[in-house]
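Visitor: My questions all concern the structure below.
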Amino acid sequence: MEMKTTSALLYIDGVSVSFDGFRALNNLSFVIAPGEMRAIIGPNGAGKTTMMDIVTGKTRPDTGEVLFDGGAHDLTGLDEAEIAELGIGRKFQKPTVFDMHTVEDNVRLALKSDRRALAGLFWRDSAAERERVDSVLTTIRLSGVRGRLAGSLSHGQKQWLEIGMLLAQEPQLLLVDEPVAGMTDVETHETAELLKEINRTRTVVVVEHDMTFVRELGVKVTCLHEGAVLAEGSIDQVSANARVVEVYLGR
Amino acid sequence: MAASPSASAKPFGGPLIRALDRGGVVFVLIVAAIGILVPLLNLLVPPSSPLHVPTYIVALWGKYACYALLALSIDLIWGYCGILSLGHGAFFSLGGYAMGMYLMRQIGPRGVYADPVLPDFMVFLNWKELPFFWWGFQSFPYALLMVLLVPGVLAFVFGWLAFRSRVTGVYLSIITQAMTFALMLAFFRNDFGFGGNNGLTDFKDILGFNVQAQGTRAALFALSCLALILGFVVCRWVVTSKFGKVLVAVRDAESRTRFLGYRVESYKLFVFVLSACMAGVAGALYVPQVGIINPSEFAPANSIEAVIWVAVGGRGTLTGAVLGAVLVNYAKTSFTSGMLAPYWLFLLGALFVLVTLLLPRGIVGTWRYWAAQQRERRAAQAAPMDHVPAPAPRPAE
């Protein structure tokens, strides 16, 4: 296929996908510029998670284009591992870490490195790697519990550990699905700070329900509804939009 | 950066030394001691002495060592990667058949029909020449190669298809079961070329030594212990590497591992093939010690029994798999030689149910869990406020 010339980091055009007749995404199009932070909101079933599944290769779209890195890669033909290696990291809605590994090992497994099986067999510890693990642990403020099993962490700590694992992957684009679900107000605030810090060097897409949190991020907002973009703009513009109000409050 | 608070935070450790922690060294020493002492006590101590180990015990425990190696191979994939194979007996039996074919070719003209090339069952079936898949088996190195290659290639093809299609969990278990059942039916057929339901037996010698001789049995016992040690060290080496950490990651959160960029199917395939080769070696050592290999070794029940050994000993512990294999088989020998024999299968079933319900970590797993809790409690007492940095407080500024 001919490659589009686009300056966007992530370019989604006309993507549709159906599951058993249910149209989860309906001609969805939007672009994310390099270095941007974008919040994606929308009621349940709007297609937010499906959109992430498409970008990360878990689901194949029926039609449409998903281009990455200025049109250099077509993501629709690649699988999860290939897309991750291109530099797209994903945080799940429910915090998913390796419970039976220590916090430190969780980060270490996520570090950008040779992912092939044989490389893993002959792997040797190195000072450079330890330094990278330390720096990630400092960023996510979990240095003090590095030796604990991840399964024993609190919910909020697990969310951060997962964000840390994303950082360790050194992706260009982070897709973060509901990072503050189940967090206390203090944790929510700190997570917003953490994401802003991360956004200094990386592009971030945050899917979130929590409006206070989205407001705190203070970034451009895209509102999805029934698998398509309903409104886009600043949080004030979007929340003033009559259609958005209608969708959220239910007429 | 501050020093790690506990030893468990020391992540992957050095290269080969890391494979053998203290428990591992103890295990290797125990198996090595048994592997050396039992043959010596059998060969050098006169039968009148109370220290003498009778030959039937040597043969029996040699069998246990082979079962233990099979259990290790299952624990490697089940305990560390979450692949529950209910057909591992197939790889064990294929290794056994490869060794059996060598032993059959060694009989030569000493068979009932005295044919210098064809084994008795082929003469009986009126076959005129050796089928191509029997070629080469008169050579011991070739047979050894096949012991590894046949189970390995089957596991590769099977695993490649299954893991690439992302067949997991109970579905994978069912198709492994179907695989061993299909092989059993095939090997039962006379025209399949492996002796039909009689299998391969009446072995005479191995590398020129009489398989029945006391010395040969002692040597086979020692070799089985050696194979068990090597298998253990290889497994430890694998599970303590970064590769091993990825296996556990796949076991606990497969899609997370994928989204981190790991090609899960390659990891599964590698470990599955390695495990199948280990099972093949176990089968190859088993056959000369029991003197027969027949299609009933492929029976699904055998594979399930092997899984029970691992569950009893504790999966994901390696030493537990070995302990479980020896304990359950020792119990089996004791029960099936007495008046309780008809009830053995009920007992085995009950054992599995009870272990699953009451001791889900198995013997060694429970022991380790308990020991870890004790350590934690002691640490908590030593430094009461030291390790509760729950949501880590942010620096003041």
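Naming works like this for the structure tokens: A, B, ... for the chains as they're shown, residue 1 at the start of each chain, ligands 1 onward in shown order.
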Which residues of chain B sit at most 6 Å from chain A, using only C-alpha atoms? Give each one's shortest atom pair and distance in Å (one decimal place), in chain and ascending residue order, as JSON lines.

Guide:
```
{"residue": "B:Ala9", "atom": "CA", "partner": "A:Gly147", "partner_atom": "CA", "distance": 4.1}
{"residue": "B:Ser241", "atom": "CA", "partner": "A:Leu121", "partner_atom": "CA", "distance": 5.5}
{"residue": "B:Lys242", "atom": "CA", "partner": "A:Gly120", "partner_atom": "CA", "distance": 4.9}
{"residue": "B:Phe243", "atom": "CA", "partner": "A:Gly120", "partner_atom": "CA", "distance": 4.2}
{"residue": "B:Ala249", "atom": "CA", "partner": "A:Phe98", "partner_atom": "CA", "distance": 5.8}
{"residue": "B:Arg258", "atom": "CA", "partner": "A:Ala81", "partner_atom": "CA", "distance": 5.4}
{"residue": "B:Phe259", "atom": "CA", "partner": "A:Glu80", "partner_atom": "CA", "distance": 5.6}
{"residue": "B:Leu260", "atom": "CA", "partner": "A:Ala84", "partner_atom": "CA", "distance": 5.9}
{"residue": "B:Gly261", "atom": "CA", "partner": "A:Ala81", "partner_atom": "CA", "distance": 3.9}
{"residue": "B:Tyr262", "atom": "CA", "partner": "A:Arg115", "partner_atom": "CA", "distance": 5.5}
{"residue": "B:Arg263", "atom": "CA", "partner": "A:Ala81", "partner_atom": "CA", "distance": 5.8}
{"residue": "B:Tyr267", "atom": "CA", "partner": "A:Ala117", "partner_atom": "CA", "distance": 5.7}
```

Visitor: Let's see if you can do this: from backbone DSSP, list all helix (DSSP H, G or I) residues in stretch 46-235 of chain A, as a PyMOL selection string.

Guide: chain A and resi 48-55+75-77+80-86+103-110+117-121+127-139+143-145+150-152+155-168+185-199+211-217+235

Visitor: Could you tell me which of B:Gly320, B:Pro47, B:Gly169, B:Gly215 comes closest to B:Ser85 if we count only C-alpha atoms?

Guide: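 Under the stated criterion, the closest residue is B:Gly169.
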
Visitor: Quick one: everything within 10 Å of B:Phe232, counting only C-alpha atoms, minus sequence neighbours fewer than 6 positions away in the same chain. Send it as a PyMOL selection string.

Guide: chain B and resi 19-20+24+27-28+68-69+72-73+76+226+238+318-319+322

Visitor: Go ahead and dump the residues you just picked, C-alpha atoms, as a compact mmCIF listing (two decimals), in the first residue's frame.

Guide:
```txt
# COMPACT_ATOMS: atom_id res chain seq x y z
CA ALA B 19 21.55 -22.14 38.93
CA LEU B 20 22.57 -23.88 42.14
CA GLY B 24 19.92 -27.07 44.73
CA PHE B 27 19.53 -31.88 46.18
CA VAL B 28 22.38 -32.66 43.78
CA ALA B 68 11.56 -38.35 38.63
CA LEU B 69 13.20 -37.06 35.45
CA LEU B 72 10.99 -32.64 36.29
CA SER B 73 10.23 -32.20 32.61
CA LEU B 76 9.44 -27.18 33.91
CA LEU B 226 23.28 -38.76 36.70
CA VAL B 238 16.68 -22.20 32.59
CA LEU B 318 11.62 -28.79 40.66
CA THR B 319 12.78 -30.63 43.79
CA VAL B 322 11.26 -35.33 42.08
```

Visitor: Identify all residues of stretch 106-330 of chain B in strand (DSSP E) (DSSP on the backbone) and supply them as a PDB file with N, CA and C atoms, in the first residue's frame.

Guide:
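Just written: selection11.pdb:
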```pdb
ATOM      1  N   LEU B 200       8.261 -54.069  22.410  1.00  0.00           N
ATOM      2  CA  LEU B 200       9.625 -54.554  22.216  1.00  0.00           C
ATOM      3  C   LEU B 200      10.114 -55.130  23.544  1.00  0.00           C
ATOM      4  N   THR B 201      10.633 -56.371  23.488  1.00  0.00           N
ATOM      5  CA  THR B 201      11.101 -56.978  24.738  1.00  0.00           C
ATOM      6  C   THR B 201      12.107 -58.089  24.436  1.00  0.00           C
ATOM      7  N   ASP B 205      21.447 -57.519  25.229  1.00  0.00           N
ATOM      8  CA  ASP B 205      22.503 -56.696  25.819  1.00  0.00           C
ATOM      9  C   ASP B 205      22.512 -55.262  25.294  1.00  0.00           C
ATOM     10  N   ILE B 206      23.205 -54.431  26.070  1.00  0.00           N
ATOM     11  CA  ILE B 206      23.324 -53.009  25.749  1.00  0.00           C
ATOM     12  C   ILE B 206      24.811 -52.678  25.749  1.00  0.00           C
ATOM     13  N   PHE B 209      27.004 -55.357  27.118  1.00  0.00           N
ATOM     14  CA  PHE B 209      26.782 -55.869  28.478  1.00  0.00           C
ATOM     15  C   PHE B 209      25.383 -56.466  28.575  1.00  0.00           C
ATOM     16  N   ASN B 210      25.288 -57.598  29.262  1.00  0.00           N
ATOM     17  CA  ASN B 210      23.995 -58.236  29.462  1.00  0.00           C
ATOM     18  C   ASN B 210      23.067 -57.313  30.271  1.00  0.00           C
ATOM     19  N   ILE B 292      11.125 -53.895  28.956  1.00  0.00           N
ATOM     20  CA  ILE B 292      10.051 -53.941  27.961  1.00  0.00           C
ATOM     21  C   ILE B 292       9.531 -52.532  27.687  1.00  0.00           C
ATOM     22  N   ILE B 293       9.085 -52.310  26.449  1.00  0.00           N
ATOM     23  CA  ILE B 293       8.317 -51.090  26.156  1.00  0.00           C
ATOM     24  C   ILE B 293       7.161 -51.519  25.273  1.00  0.00           C
TER      25      ILE B 293
END
```

Visitor: For A:Asp62, list every protein, DNA or RNA residue within 12 Å, evaluated using only C-alpha atoms, and leave out those in the same chain fewer than 6 positions away; present the list as number ranges by chain.

Guide: A: 14-19, 21, 23-28, 54, 76-77

Visitor: Generate a file of the selected residues that holds N, CA and C atoms, formatted as a PDB file, in the first residue's frame.

Guide:
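Result file part-v2.pdb:
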```pdb
ATOM      1  N   GLY A  14     -10.683   6.268   9.483  1.00  0.00           N
ATOM      2  CA  GLY A  14     -11.806   5.454   9.002  1.00  0.00           C
ATOM      3  C   GLY A  14     -11.832   4.041   9.544  1.00  0.00           C
ATOM      4  N   VAL A  15     -11.452   3.876  10.801  1.00  0.00           N
ATOM      5  CA  VAL A  15     -11.377   2.522  11.353  1.00  0.00           C
ATOM      6  C   VAL A  15     -12.751   2.061  11.843  1.00  0.00           C
ATOM      7  N   SER A  16     -13.153   0.885  11.355  1.00  0.00           N
ATOM      8  CA  SER A  16     -14.387   0.269  11.835  1.00  0.00           C
ATOM      9  C   SER A  16     -14.092  -1.161  12.238  1.00  0.00           C
ATOM     10  N   VAL A  17     -14.775  -1.627  13.265  1.00  0.00           N
ATOM     11  CA  VAL A  17     -14.664  -3.038  13.635  1.00  0.00           C
ATOM     12  C   VAL A  17     -15.972  -3.460  14.293  1.00  0.00           C
ATOM     13  N   SER A  18     -16.409  -4.681  13.948  1.00  0.00           N
ATOM     14  CA  SER A  18     -17.652  -5.205  14.524  1.00  0.00           C
ATOM     15  C   SER A  18     -17.374  -6.525  15.221  1.00  0.00           C
ATOM     16  N   PHE A  19     -18.054  -6.736  16.316  1.00  0.00           N
ATOM     17  CA  PHE A  19     -18.034  -8.042  16.978  1.00  0.00           C
ATOM     18  C   PHE A  19     -19.444  -8.590  16.962  1.00  0.00           C
ATOM     19  N   GLY A  21     -21.789  -8.467  14.903  1.00  0.00           N
ATOM     20  CA  GLY A  21     -22.812  -7.510  14.489  1.00  0.00           C
ATOM     21  C   GLY A  21     -22.811  -6.213  15.283  1.00  0.00           C
ATOM     22  N   ARG A  23     -21.208  -2.875  16.249  1.00  0.00           N
ATOM     23  CA  ARG A  23     -20.154  -2.003  15.724  1.00  0.00           C
ATOM     24  C   ARG A  23     -19.440  -1.308  16.876  1.00  0.00           C
ATOM     25  N   ALA A  24     -18.288  -1.845  17.258  1.00  0.00           N
ATOM     26  CA  ALA A  24     -17.559  -1.260  18.376  1.00  0.00           C
ATOM     27  C   ALA A  24     -16.903   0.046  17.962  1.00  0.00           C
ATOM     28  N   LEU A  25     -16.358   0.077  16.736  1.00  0.00           N
ATOM     29  CA  LEU A  25     -15.800   1.317  16.201  1.00  0.00           C
ATOM     30  C   LEU A  25     -16.473   1.584  14.873  1.00  0.00           C
ATOM     31  N   ASN A  26     -16.845   2.825  14.660  1.00  0.00           N
ATOM     32  CA  ASN A  26     -17.635   3.167  13.491  1.00  0.00           C
ATOM     33  C   ASN A  26     -16.981   4.344  12.781  1.00  0.00           C
ATOM     34  N   ASN A  27     -16.089   4.009  11.827  1.00  0.00           N
ATOM     35  CA  ASN A  27     -15.436   5.050  11.047  1.00  0.00           C
ATOM     36  C   ASN A  27     -14.710   6.060  11.942  1.00  0.00           C
ATOM     37  N   LEU A  28     -13.900   5.530  12.830  1.00  0.00           N
ATOM     38  CA  LEU A  28     -13.185   6.362  13.799  1.00  0.00           C
ATOM     39  C   LEU A  28     -11.950   6.980  13.147  1.00  0.00           C
ATOM     40  N   ILE A  54      -6.952  -2.042  18.929  1.00  0.00           N
ATOM     41  CA  ILE A  54      -6.590  -1.930  17.514  1.00  0.00           C
ATOM     42  C   ILE A  54      -5.169  -1.382  17.383  1.00  0.00           C
ATOM     43  N   THR A  76      -1.880  -2.175  11.277  1.00  0.00           N
ATOM     44  CA  THR A  76      -2.958  -3.162  11.161  1.00  0.00           C
ATOM     45  C   THR A  76      -2.439  -4.543  10.769  1.00  0.00           C
ATOM     46  N   GLY A  77      -1.225  -4.619  10.232  1.00  0.00           N
ATOM     47  CA  GLY A  77      -0.708  -5.926   9.829  1.00  0.00           C
ATOM     48  C   GLY A  77       0.243  -6.534  10.839  1.00  0.00           C
TER      49      GLY A  77
END
```

Visitor: Which distance in Å separates atom CA of B:Met146 and atom CA of B:Met99, to one decimal?

Guide: 8.4 Å

Visitor: Please report the interatomic distance between atom CA of B:Pro360 and atom CA of B:Val233 in Å with one decimal.

Guide: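 Atom CA of B:Pro360 sits 25.4 Å away from atom CA of B:Val233.
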
Visitor: Applying 7 Å and only C-alpha atoms, which residues near stretch 149-161 of chain B remain after dropping the ones on its own chain fewer than 5 positions away? List them as a tab-separated table (two decimals) with C-alpha atoms, in the first residue's frame.

Guide:
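Generated file (out_24.tsv):
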```tsv
chain	number	residue	atom	x	y	z
B	91	PHE	CA	7.53	-38.20	24.74
B	94	LEU	CA	8.97	-42.36	22.20
B	95	GLY	CA	12.35	-42.06	23.92
B	269	LEU	CA	7.99	-23.61	22.08
B	272	PHE	CA	8.17	-27.39	25.49
B	273	VAL	CA	10.77	-28.96	23.19
B	276	ALA	CA	9.98	-33.29	25.63
B	277	CYS	CA	13.68	-34.15	25.12
B	280	GLY	CA	12.58	-38.85	26.03
```
